[in-house]
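Here's the structure we're looking at; comments come further down.
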Amino acid sequence: MSDNLPAIPGMNSSGSAGSGNGFLALAGRTAKLAASALFLKEGMHLLRTHMKANANAALRLSEMNNHAEVEPQFISMIEDVATHLNGVAEASGEMVNAADSVDTDARGFNNAHDREYRPGYEASNGSGVRQAKPGYYRRTGRRS
């Protein structure tokens with residue numbers, strides 16, 4: 001699946017953002033989270049479609065068996081399978097909603113993070129002066 005993800009700034013060639021808490025590393029991790037949520041959402045849509053089709057096929061089979069006067073216990077078993085397949089389809093719909101929320105939240109976080117920290121990131125990179133590691137000023141109390 002990671003082969004399908006787009007190139008994301010701050011990510012290394014192995015697909016991880018490293019252990020740093022820097023601007024690009026954090027942006028890369030949240031972008032990867034959003035992309036993964038989209039892939040999960042796509043997969044759940046496919047699963048839902050497949051399960052619905054299988055549930056409908058099971059119901060048609062149940063009707064045909066009923067017309068063929070098959071034992072009621074077997075018809076009931078087929079209908080139970082259709083019910084469970086519909087349950088999987090509904091659950092995959094709930095997963096789509098959850099993945100959509102993760103995607104929306106990750107993108108929102110990434111946008112807020114970018115608005116807040118990009119100016120400082122670009123200023124420090126453009127200055128040519130070596131900067132303190134992220135979080136240094138908070139740990140030392142030198143900055144409020």
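FYI, nothing fancy with the structure tokens labels: chains A, B, ... in order, residues from 1 per chain, ligands from 1 as they appear.
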Within 8 Å of A:Thr30 using only C-alpha atoms, minus same-chain residues under 6 positions, as a ChimeraX atom specification:
/A:106-107,109-110
Atoms kept (C-alpha atoms) for selection, written as a short mmCIF file (atom, residue, chain, number, x, y, z; two decimals), in the first residue's frame:
data_model
loop_
_atom_site.label_atom_id
_atom_site.label_comp_id
_atom_site.auth_asym_id
_atom_site.auth_seq_id
_atom_site.Cartn_x
_atom_site.Cartn_y
_atom_site.Cartn_z
CA ALA A 106 -5.52 15.07 9.59
CA ARG A 107 -5.92 17.58 6.77
CA PHE A 109 -4.37 19.61 11.54
CA ASN A 110 -1.90 19.81 8.65
#
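With distances restricted to only C-alpha atoms, A:Met51 is the closest residue to A:Glu90 from A:Ala25, A:Val102, A:Val70, A:Met51.
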Env of A:Ser62: 12 Å cut, atoms = only C-alpha atoms, seq-sep filter 6 positions within chain, self excluded. Answer as a ChimeraX atom specification.
/A:55-56,68-83
Pick the closest to A:Phe39 from A:Glu116, A:Lys133, A:Ser127, A:Asp103: which is it, counting only C-alpha atoms?
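Nearest to A:Phe39: A:Asp103.
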So that I can see what lies close to A:Thr104, please list as a compact mmCIF listing (two decimals) with N, CA and C atoms, in the first residue's frame the residues with an atom at most 12 Å from it, counting only C-alpha atoms and leaving out residues fewer than 2 positions away in the same chain.
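Generated output (around.txt):
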# COMPACT_ATOMS: atom_id res chain seq x y z
N THR A 30 1.36 13.56 9.12
CA THR A 30 -0.08 13.81 9.02
C THR A 30 -0.56 13.66 7.58
N ALA A 31 0.27 14.00 6.61
CA ALA A 31 -0.11 13.79 5.21
C ALA A 31 -0.21 12.30 4.90
N LEU A 33 -0.95 9.99 7.10
CA LEU A 33 -2.16 9.54 7.78
C LEU A 33 -3.39 9.84 6.93
N ALA A 34 -3.46 11.04 6.38
CA ALA A 34 -4.60 11.41 5.53
C ALA A 34 -4.67 10.53 4.29
N ALA A 35 -3.52 10.29 3.66
CA ALA A 35 -3.50 9.45 2.46
C ALA A 35 -3.90 8.01 2.79
N SER A 36 -3.43 7.50 3.91
CA SER A 36 -3.80 6.15 4.33
C SER A 36 -5.29 6.04 4.60
N ALA A 37 -5.86 7.09 5.19
CA ALA A 37 -7.31 7.09 5.44
C ALA A 37 -8.08 7.05 4.13
N LEU A 38 -7.59 7.76 3.13
CA LEU A 38 -8.25 7.73 1.83
C LEU A 38 -8.18 6.35 1.20
N ASN A 97 -17.00 6.05 7.20
CA ASN A 97 -17.24 7.27 7.96
C ASN A 97 -16.07 7.59 8.90
N ALA A 98 -15.55 6.55 9.55
CA ALA A 98 -14.41 6.76 10.46
C ALA A 98 -13.17 7.20 9.68
N ALA A 99 -12.91 6.56 8.55
CA ALA A 99 -11.75 6.94 7.74
C ALA A 99 -11.90 8.36 7.20
N ASP A 100 -13.12 8.73 6.86
CA ASP A 100 -13.38 10.08 6.37
C ASP A 100 -13.09 11.10 7.47
N SER A 101 -13.48 10.79 8.69
CA SER A 101 -13.20 11.68 9.83
C SER A 101 -11.70 11.82 10.06
N VAL A 102 -10.97 10.70 9.99
CA VAL A 102 -9.52 10.74 10.17
C VAL A 102 -8.89 11.60 9.08
N ALA A 106 -6.94 14.99 9.92
CA ALA A 106 -5.52 15.07 9.59
C ALA A 106 -5.24 16.25 8.66
N ARG A 107 -6.10 16.44 7.68
CA ARG A 107 -5.92 17.58 6.77
C ARG A 107 -6.11 18.90 7.51
N GLY A 108 -7.08 18.95 8.40
CA GLY A 108 -7.29 20.16 9.20
C GLY A 108 -6.09 20.47 10.08
N PHE A 109 -5.56 19.43 10.71
CA PHE A 109 -4.37 19.61 11.54
C PHE A 109 -3.20 20.09 10.68
N ASN A 110 -3.01 19.45 9.52
CA ASN A 110 -1.90 19.81 8.65
C ASN A 110 -2.03 21.26 8.19
N ASN A 111 -3.23 21.70 7.84
CA ASN A 111 -3.43 23.08 7.42
C ASN A 111 -3.15 24.06 8.56
Residues within 12 Å of A:Ser124, only C-alpha atoms, excluding chain neighbours under 6 positions, as JSON, numbers by chain:
{"A": [23, 117, 118, 130, 131, 132, 133, 134]}
Let's have the selection written as a PDB file, in the first residue's frame, with C-alpha atoms.
ATOM      1  CA  PHE A  23       8.130  20.963  10.622  1.00  0.00           C
ATOM      2  CA  TYR A 117       4.728  27.193  11.646  1.00  0.00           C
ATOM      3  CA  ARG A 118       5.567  27.595   7.939  1.00  0.00           C
ATOM      4  CA  ARG A 130      21.926  27.107  12.407  1.00  0.00           C
ATOM      5  CA  GLN A 131      18.742  26.933  14.474  1.00  0.00           C
ATOM      6  CA  ALA A 132      17.927  25.203  17.752  1.00  0.00           C
ATOM      7  CA  LYS A 133      16.185  21.840  17.555  1.00  0.00           C
ATOM      8  CA  PRO A 134      12.372  21.879  17.717  1.00  0.00           C
TER       9      PRO A 134
END
Any idea what the distance is between atom CA of A:Ser92 and atom CA of A:Gly28?
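Those two atoms sit 27.4 Å apart.
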In chain A, what's alpha helix (DSSP H) per DSSP? Answer as an NGL selection string?
:A and (23-67 or 72-127 or 136-140)
